[in-house]
$ cat my_file_28.tsv   # TSV, C-alpha atoms and all ligand atoms
chain	number	residue	atom	x	y	z
Z	1	MET	CA	-39.51	2.31	-32.37
Z	2	ASP	CA	-42.85	0.84	-33.38
Z	3	PHE	CA	-45.86	0.96	-31.13
Z	4	ALA	CA	-45.70	-2.71	-30.05
Z	5	ARG	CA	-42.11	-2.47	-28.94
Z	6	ARG	CA	-42.71	0.77	-27.12
Z	7	LYS	CA	-45.58	-0.84	-25.26
Z	8	LEU	CA	-43.41	-3.81	-24.36
Z	9	PHE	CA	-40.65	-1.56	-23.01
Z	10	SER	CA	-42.98	0.52	-20.92
Z	11	LYS	CA	-44.56	-2.62	-19.49
Z	12	ALA	CA	-41.16	-4.06	-18.64
Z	13	GLY	CA	-40.23	-0.78	-16.99
Z	14	LEU	CA	-43.35	-0.90	-14.87
Z	15	VAL	CA	-42.67	-4.48	-13.76
Z	16	GLY	CA	-39.13	-3.50	-12.86
Z	17	ALA	CA	-40.30	-0.57	-10.78
Z	18	THR	CA	-42.86	-2.71	-8.97
Z	19	ALA	CA	-40.28	-5.37	-8.21
Z	20	LEU	CA	-37.85	-2.77	-6.88
Z	21	ALA	CA	-40.49	-1.26	-4.64
Z	22	THR	CA	-41.33	-4.68	-3.19
Z	23	TYR	CA	-37.61	-5.43	-2.68
Z	24	SER	CA	-37.06	-2.08	-0.93
Z	25	GLN	CA	-39.84	-2.70	1.55
Z	26	SER	CA	-38.88	-6.25	2.42
Z	27	SER	CA	-35.12	-6.42	2.50
Z	28	LEU	CA	-33.18	-3.43	1.23
Z	29	ALA	CA	-33.01	-1.78	4.62
Z	30	GLN	CA	-31.37	-4.85	6.15
Z	31	SER	CA	-29.04	-5.70	3.28
Z	32	ALA	CA	-26.38	-3.21	4.37
Z	33	SER	CA	-25.64	-5.14	7.55
Z	34	LYS	CA	-26.02	-8.75	6.37
Z	35	THR	CA	-23.63	-10.49	4.02
Z	36	PRO	CA	-23.61	-14.13	2.86
Z	37	PHE	CA	-20.04	-14.56	4.15
Z	38	GLU	CA	-17.46	-12.62	6.15
Z	39	ILE	CA	-14.45	-10.69	4.83
Z	40	PRO	CA	-11.94	-9.84	7.56
Z	41	GLN	CA	-10.97	-6.19	8.02
Z	42	THR	CA	-7.23	-5.77	7.53
Z	43	THR	CA	-5.67	-4.20	10.62
Z	44	ILE	CA	-2.16	-3.41	11.88
Z	45	PRO	CA	-1.32	-3.52	15.60
Z	46	ILE	CA	-0.56	-0.16	17.26
Z	47	VAL	CA	2.37	-0.05	19.68
Z	48	GLY	CA	1.25	0.64	23.26
Z	49	SER	CA	-2.43	0.24	22.46
Z	50	THR	CA	-5.05	-2.48	22.62
Z	51	GLN	CA	-6.54	-1.04	19.43
Z	52	ALA	CA	-5.49	-1.92	15.89
Z	53	PHE	CA	-5.18	0.40	12.90
Z	54	PRO	CA	-7.82	-0.39	10.26
Z	55	VAL	CA	-6.38	-0.29	6.74
Z	56	ARG	CA	-8.51	1.28	4.02
Z	57	ARG	CA	-6.18	1.66	1.02
Z	58	ILE	CA	-2.49	1.02	0.42
Z	59	TYR	CA	-0.87	3.71	-1.71
Z	60	CYS	CA	2.73	3.31	-2.86
Z	61	ILE	CA	5.16	5.90	-4.22
Z	62	GLY	CA	7.41	4.83	-7.10
Z	63	ARG	CA	10.94	6.15	-7.73
Z	64	ASN	CA	11.12	8.47	-4.73
Z	65	TYR	CA	14.90	8.24	-4.20
Z	66	GLU	CA	17.17	9.57	-6.95
Z	67	ALA	CA	19.57	6.66	-7.13
Z	68	HIS	CA	16.72	4.13	-7.20
Z	69	ALA	CA	14.98	6.06	-9.99
Z	70	ARG	CA	18.22	5.86	-12.00
Z	71	GLU	CA	18.68	2.14	-11.39
Z	72	MET	CA	15.10	1.63	-12.63
Z	73	GLY	CA	15.99	3.41	-15.86
Z	74	SER	CA	14.47	6.87	-15.37
Z	75	ASP	CA	15.94	10.33	-14.88
Z	76	PRO	CA	14.62	11.82	-11.59
Z	77	THR	CA	15.29	15.36	-12.83
Z	78	ARG	CA	12.81	14.81	-15.68
Z	79	GLU	CA	10.32	12.23	-14.35
Z	80	PRO	CA	8.66	12.90	-10.99
Z	81	PRO	CA	7.69	10.08	-8.59
Z	82	PHE	CA	4.30	8.44	-9.19
Z	83	PHE	CA	1.66	6.38	-7.35
Z	84	PHE	CA	0.24	2.89	-7.50
Z	85	GLN	CA	-1.85	0.78	-5.12
Z	86	LYS	CA	-1.69	-2.64	-3.56
Z	87	PRO	CA	-4.79	-4.49	-2.38
Z	88	THR	CA	-5.43	-3.97	1.33
Z	89	ASP	CA	-5.26	-7.68	2.09
Z	90	ALA	CA	-1.69	-7.85	0.74
Z	91	ILE	CA	-0.62	-6.78	4.26
Z	92	GLN	CA	1.50	-9.31	6.13
Z	93	PHE	CA	2.03	-8.19	9.72
Z	94	VAL	CA	5.58	-8.75	11.02
Z	95	PRO	CA	5.85	-8.65	14.83
Z	96	PRO	CA	9.18	-7.13	15.96
Z	97	GLY	CA	11.59	-9.55	17.63
Z	98	GLN	CA	10.33	-12.52	15.61
Z	99	LEU	CA	11.53	-14.17	12.42
Z	100	ILE	CA	8.39	-14.87	10.44
Z	101	ASN	CA	7.91	-16.90	7.28
Z	102	HIS	CA	7.25	-15.03	4.06
Z	103	PRO	CA	6.02	-17.13	1.13
Z	104	TYR	CA	7.89	-16.87	-2.18
Z	105	PRO	CA	5.12	-15.91	-4.63
Z	106	SER	CA	4.02	-17.74	-7.75
Z	107	LEU	CA	5.03	-16.91	-11.35
Z	108	THR	CA	8.28	-15.02	-10.62
Z	109	LYS	CA	11.95	-15.92	-11.00
Z	110	ASN	CA	13.18	-12.48	-9.84
Z	111	TYR	CA	11.61	-11.56	-6.50
Z	112	HIS	CA	12.86	-8.22	-5.11
Z	113	HIS	CA	12.98	-6.54	-1.70
Z	114	GLU	CA	12.13	-2.82	-1.35
Z	115	ILE	CA	12.48	-1.42	2.17
Z	116	GLU	CA	10.21	1.58	2.83
Z	117	LEU	CA	8.88	3.94	5.49
Z	118	VAL	CA	5.08	3.72	5.75
Z	119	ALA	CA	2.87	6.61	6.90
Z	120	ALA	CA	-0.62	5.84	8.27
Z	121	LEU	CA	-3.39	8.46	8.09
Z	122	SER	CA	-6.19	9.10	10.58
Z	123	LYS	CA	-7.78	12.03	8.76
Z	124	GLY	CA	-9.03	12.47	5.23
Z	125	GLY	CA	-9.33	15.25	2.73
Z	126	ARG	CA	-8.81	16.60	-0.77
Z	127	ASP	CA	-6.15	19.07	-1.96
Z	128	ILE	CA	-4.29	19.00	1.35
Z	129	PRO	CA	-1.60	21.71	1.48
Z	130	VAL	CA	1.96	20.50	2.15
Z	131	GLU	CA	2.18	22.69	5.29
Z	132	LYS	CA	-0.86	20.94	6.80
Z	133	ALA	CA	-0.19	17.42	5.51
Z	134	LEU	CA	1.66	15.98	8.51
Z	135	GLU	CA	-1.41	16.74	10.68
Z	136	TYR	CA	-3.12	13.87	8.81
Z	137	VAL	CA	-0.49	11.31	9.88
Z	138	TYR	CA	-1.48	9.03	12.75
Z	139	GLY	CA	1.74	7.06	12.86
Z	140	TYR	CA	4.56	5.31	11.02
Z	141	ALA	CA	5.70	1.77	10.37
Z	142	ILE	CA	8.50	-0.06	8.59
Z	143	GLY	CA	7.40	-1.96	5.50
Z	144	LEU	CA	8.50	-3.93	2.47
Z	145	ASP	CA	7.09	-3.31	-1.02
Z	146	MET	CA	7.84	-6.82	-2.30
Z	147	THR	CA	7.99	-6.95	-6.08
Z	148	ARG	CA	7.90	-9.61	-8.80
Z	149	ARG	CA	10.45	-7.61	-10.81
Z	150	ASP	CA	10.43	-9.82	-13.89
Z	151	LEU	CA	6.65	-9.50	-14.23
Z	152	GLN	CA	6.74	-5.76	-13.50
Z	153	ARG	CA	9.40	-5.20	-16.18
Z	154	ALA	CA	7.74	-7.44	-18.76
Z	155	MET	CA	4.43	-5.63	-18.42
Z	156	GLY	CA	6.14	-2.23	-18.41
Z	157	ASN	CA	8.00	-3.09	-21.60
Z	158	GLU	CA	4.68	-3.88	-23.24
Z	159	LYS	CA	3.16	-0.64	-21.89
Z	160	LYS	CA	0.62	-2.66	-19.91
Z	161	PRO	CA	-0.30	-2.09	-16.24
Z	162	TRP	CA	2.35	-3.77	-14.07
Z	163	GLU	CA	-0.08	-4.58	-11.27
Z	164	ILE	CA	0.82	-8.29	-11.42
Z	165	GLY	CA	4.38	-7.36	-10.41
Z	166	LYS	CA	3.33	-5.34	-7.37
Z	167	SER	CA	-0.16	-6.17	-6.16
Z	168	PHE	CA	-0.20	-9.80	-5.07
Z	169	ASP	CA	-0.80	-11.77	-1.87
Z	170	HIS	CA	1.65	-11.03	0.99
Z	171	SER	CA	3.34	-8.29	-1.06
Z	172	ALA	CA	3.10	-5.73	1.75
Z	173	PRO	CA	4.91	-6.93	4.90
Z	174	ILE	CA	4.71	-4.30	7.67
Z	175	GLY	CA	5.69	-3.78	11.30
Z	176	PRO	CA	3.43	-2.24	13.97
Z	177	ILE	CA	2.21	1.37	13.83
Z	178	HIS	CA	4.11	3.85	16.01
Z	179	THR	CA	1.86	6.80	16.75
Z	180	VAL	CA	2.96	10.38	16.23
Z	181	GLU	CA	1.50	11.12	19.65
Z	182	LYS	CA	3.99	8.82	21.41
Z	183	PHE	CA	6.92	8.66	18.98
Z	184	GLY	CA	6.75	11.86	16.91
Z	185	HIS	CA	7.22	12.30	13.17
Z	186	ILE	CA	9.86	10.43	11.23
Z	187	THR	CA	11.43	12.69	8.59
Z	188	GLN	CA	15.07	11.57	8.59
Z	189	GLY	CA	17.33	8.79	9.79
Z	190	ALA	CA	18.87	5.61	8.49
Z	191	ILE	CA	16.88	3.11	6.45
Z	192	TRP	CA	18.51	-0.20	5.51
Z	193	LEU	CA	17.82	-3.76	4.51
Z	194	LYS	CA	20.06	-6.79	5.05
Z	195	VAL	CA	19.77	-10.12	3.28
Z	196	ASN	CA	21.41	-12.98	5.20
Z	197	GLY	CA	23.17	-10.43	7.41
Z	198	VAL	CA	24.68	-8.43	4.53
Z	199	ILE	CA	23.62	-4.81	3.89
Z	200	LYS	CA	21.89	-4.51	0.50
Z	201	GLN	CA	19.99	-1.22	0.68
Z	202	GLU	CA	21.17	1.72	2.78
Z	203	ALA	CA	20.13	5.37	2.68
Z	204	ASN	CA	18.70	8.21	4.72
Z	205	LEU	CA	15.00	9.09	4.76
Z	206	SER	CA	15.97	12.73	4.11
Z	207	GLN	CA	16.99	11.64	0.58
Z	208	MET	CA	13.38	11.15	-0.50
Z	209	ILE	CA	12.48	13.26	-3.53
Z	210	TRP	CA	8.97	13.84	-2.17
Z	211	SER	CA	8.73	14.06	1.65
Z	212	VAL	CA	5.85	12.31	3.38
Z	213	ALA	CA	4.07	15.67	3.61
Z	214	GLU	CA	4.49	16.21	-0.14
Z	215	GLN	CA	3.31	12.67	-0.86
Z	216	ILE	CA	0.09	13.27	1.09
Z	217	SER	CA	-0.47	16.60	-0.61
Z	218	LYS	CA	0.11	15.21	-4.10
Z	219	LEU	CA	-1.97	12.07	-3.48
Z	220	SER	CA	-4.83	14.22	-2.19
Z	221	SER	CA	-4.98	16.08	-5.50
Z	222	ALA	CA	-5.63	12.78	-7.30
Z	223	PHE	CA	-7.73	10.95	-4.67
Z	224	GLU	CA	-9.80	11.89	-1.65
Z	225	MET	CA	-7.65	10.67	1.22
Z	226	MET	CA	-9.49	8.87	4.01
Z	227	PRO	CA	-8.71	7.69	7.55
Z	228	GLY	CA	-7.08	4.27	7.32
Z	229	ASP	CA	-5.09	5.02	4.18
Z	230	ILE	CA	-1.43	4.05	4.41
Z	231	ILE	CA	1.39	5.21	2.14
Z	232	TYR	CA	4.53	3.22	1.28
Z	233	SER	CA	6.92	6.10	0.69
Z	234	GLY	CA	9.33	4.56	-1.81
Z	235	THR	CA	12.57	2.62	-1.62
Z	236	PRO	CA	16.21	3.63	-1.87
Z	237	GLU	CA	18.66	2.16	-4.40
Z	238	ASN	CA	20.10	-1.34	-4.61
Z	239	VAL	CA	16.88	-3.29	-4.73
Z	240	GLY	CA	17.65	-6.91	-5.47
Z	241	PRO	CA	16.48	-10.50	-5.43
Z	242	VAL	CA	15.76	-12.92	-2.60
Z	243	VAL	CA	15.31	-16.66	-2.95
Z	244	VAL	CA	13.80	-19.37	-0.76
Z	245	GLY	CA	15.84	-19.74	2.42
Z	246	ASP	CA	17.01	-16.11	2.52
Z	247	THR	CA	16.44	-13.97	5.60
Z	248	MET	CA	15.60	-10.28	5.25
Z	249	GLU	CA	16.08	-7.81	8.10
Z	250	GLY	CA	14.73	-4.28	7.72
Z	251	HIS	CA	15.61	-1.20	9.75
Z	252	ILE	CA	14.45	2.40	10.11
Z	253	ASP	CA	15.87	4.63	12.86
Z	254	GLY	CA	13.28	4.99	15.63
Z	255	LEU	CA	11.35	1.82	14.72
Z	256	PRO	CA	12.06	-1.79	15.73
Z	257	ASN	CA	13.58	-4.02	13.03
Z	258	ILE	CA	11.52	-6.59	11.15
Z	259	SER	CA	12.81	-10.01	10.07
Z	260	LEU	CA	11.37	-12.39	7.50
Z	261	ARG	CA	12.53	-15.73	6.14
Z	262	VAL	CA	11.54	-16.48	2.55
Z	263	ILE	CA	9.99	-19.93	2.33
G	1	MN	MN	8.39	0.59	-3.75
$ encode --input "my_file_28.tsv" --output "structure tokens" --more "lines below"
Ligand code: MN
Amino acid sequence: MDFARRKLFSKAGLVGATALATYSQSSLAQSASKTPFEIPQTTIPIVGSTQAFPVRRIYCIGRNYEAHAREMGSDPTREPPFFFQKPTDAIQFVPPGQLINHPYPSLTKNYHHEIELVAALSKGGRDIPVEKALEYVYGYAIGLDMTRRDLQRAMGNEKKPWEIGKSFDHSAPIGPIHTVEKFGHITQGAIWLKVNGVIKQEANLSQMIWSVAEQISKLSSAFEMMPGDIIYSGTPENVGPVVVGDTMEGHIDGLPNISLRVI
């Protein structure tokens, strides 16, 4: 670097430092609390409470039931389950006892239901042992991991991230949170999904390859878990398409059913 350039750089650096100092004094302290527009916090109602559960991240487990892993083309004895995320604002709250409208998403011609148990965390940590993991669960809910299967498959075939198939608006319908304190842990029981009154998916939660406790433990080795994280725990076999006009009804023993009409 010649002398002139060096001088120019050091002068620019000085100006930058001065500007930063001025900025710090005048506005930096306030900038943390003021934003030019509002972004709503995603929350999920809690049964029996006036409070709502604030959602930080949505983790999802892939291929966590043997028969579903096989129908997706993998061998569960050789390939373990895995994780992906949906954006937090993909949540669509489904009040029990109501049939709510669920918009058919753009771009897909093969839109699939995946019924899943969801665990909601109120504590965070890294490298959480399996034996301690359920202490981090605040409650449970019934959810749907809605999937644009054609886009997921097409991206997978090209060895590209299949985010577009999973992580889109309204792709995470969910019922209210049932707290462990009032309702206990959910480790087994029937899980099913009907389309237009006909059973499509049906299994028992005990058939999960990784239990909820194991999911939390494994996730916490890859990410620092935090309060507000929720985990979609994977879907059983016989995922399949819905079209506009179809009604989906989801069930998990111990939780109220959810019902959605695809519009
Ligand atoms: Mn899923």
$ residues_around --input "my_file_28.tsv" --residues "Thr77 (chain Z)" --least-positions-apart "5" --cutoff "10 Å" --atoms "all atoms listed in the file" --output "PyMOL selection string"
chain Z and resi 66+69-70+209
$ closest_residue --input "my_file_28.tsv" --among "Z:Ile115, Z:Ile191, Z:Ile263, Z:Met248" --to "ligand MN 1 (chain G)" --atoms "all atoms listed in the file"
Z:Ile115
$ closest_residue --input "my_file_28.tsv" --among "Z:Pro173, Z:Gly62, Z:Pro105, Z:Gly184" --to "Leu255 (chain Z)" --atoms "only C-alpha atoms"
Z:Gly184
$ atom_distance --input "my_file_28.tsv" --atom1 "CA of Gln51 (chain Z)" --atom2 "CA of Val180 (chain Z)"
15.2 Å
$ closest_residue --input "my_file_28.tsv" --among "Z:Leu151, Z:Ile258, Z:Ala213, Z:Leu144" --to "ligand MN 1 (chain G)" --atoms "all atoms listed in the file"
Z:Leu144
$ residues_around --input "my_file_28.tsv" --residues "Val244 (chain Z)" --least-positions-apart "3" --cutoff "8 Å" --atoms "only C-alpha atoms" --output "PyMOL selection string"
chain Z and resi 104+261-263
$ write_last_selection --input "my_file_28.tsv" --atoms "C-alpha atoms" --output "JSON list (two decimals), keeping the file's coordinate frame"
[["chain", "number", "residue", "atom", "x", "y", "z"],
["Z", 104, "TYR", "CA", 7.89, -16.87, -2.18],
["Z", 261, "ARG", "CA", 12.53, -15.73, 6.14],
["Z", 262, "VAL", "CA", 11.54, -16.48, 2.55],
["Z", 263, "ILE", "CA", 9.99, -19.93, 2.33]]
$ closest_residue --input "my_file_28.tsv" --among "Z:Glu214, Z:Asp246, Z:Asp145, Z:Glu79" --to "Leu117 (chain Z)" --atoms "all atoms listed in the file"
Z:Asp145
$ residues_near_ligand --input "my_file_28.tsv" --ligand "ligand MN 1 (chain G)" --cutoff "12 Å" --atoms "only C-alpha atoms and all ligand atoms" --output "VMD selection string"
chain Z and resid 58 to 65 68 to 69 72 81 to 86 112 to 118 143 to 149 152 165 to 167 171 to 173 231 to 239
$ atom_distance --input "my_file_28.tsv" --atom1 "CA of Pro103 (chain Z)" --atom2 "CA of Gly139 (chain Z)"
27.2 Å
$ residues_around --input "my_file_28.tsv" --residues "Ser49 (chain Z)" --least-positions-apart "5" --cutoff "10 Å" --atoms "only C-alpha atoms" --output "mmCIF file with C-alpha atoms, keeping the file's coordinate frame"
data_model
loop_
_atom_site.group_PDB
_atom_site.id
_atom_site.type_symbol
_atom_site.label_atom_id
_atom_site.label_comp_id
_atom_site.auth_asym_id
_atom_site.auth_seq_id
_atom_site.Cartn_x
_atom_site.Cartn_y
_atom_site.Cartn_z
ATOM 1 C CA ILE Z 177 2.210 1.370 13.830
ATOM 2 C CA HIS Z 178 4.110 3.850 16.010
ATOM 3 C CA THR Z 179 1.860 6.800 16.750
#
$ atom_distance --input "my_file_28.tsv" --atom1 "CA of Ser220 (chain Z)" --atom2 "CA of Asp127 (chain Z)"
5.0 Å
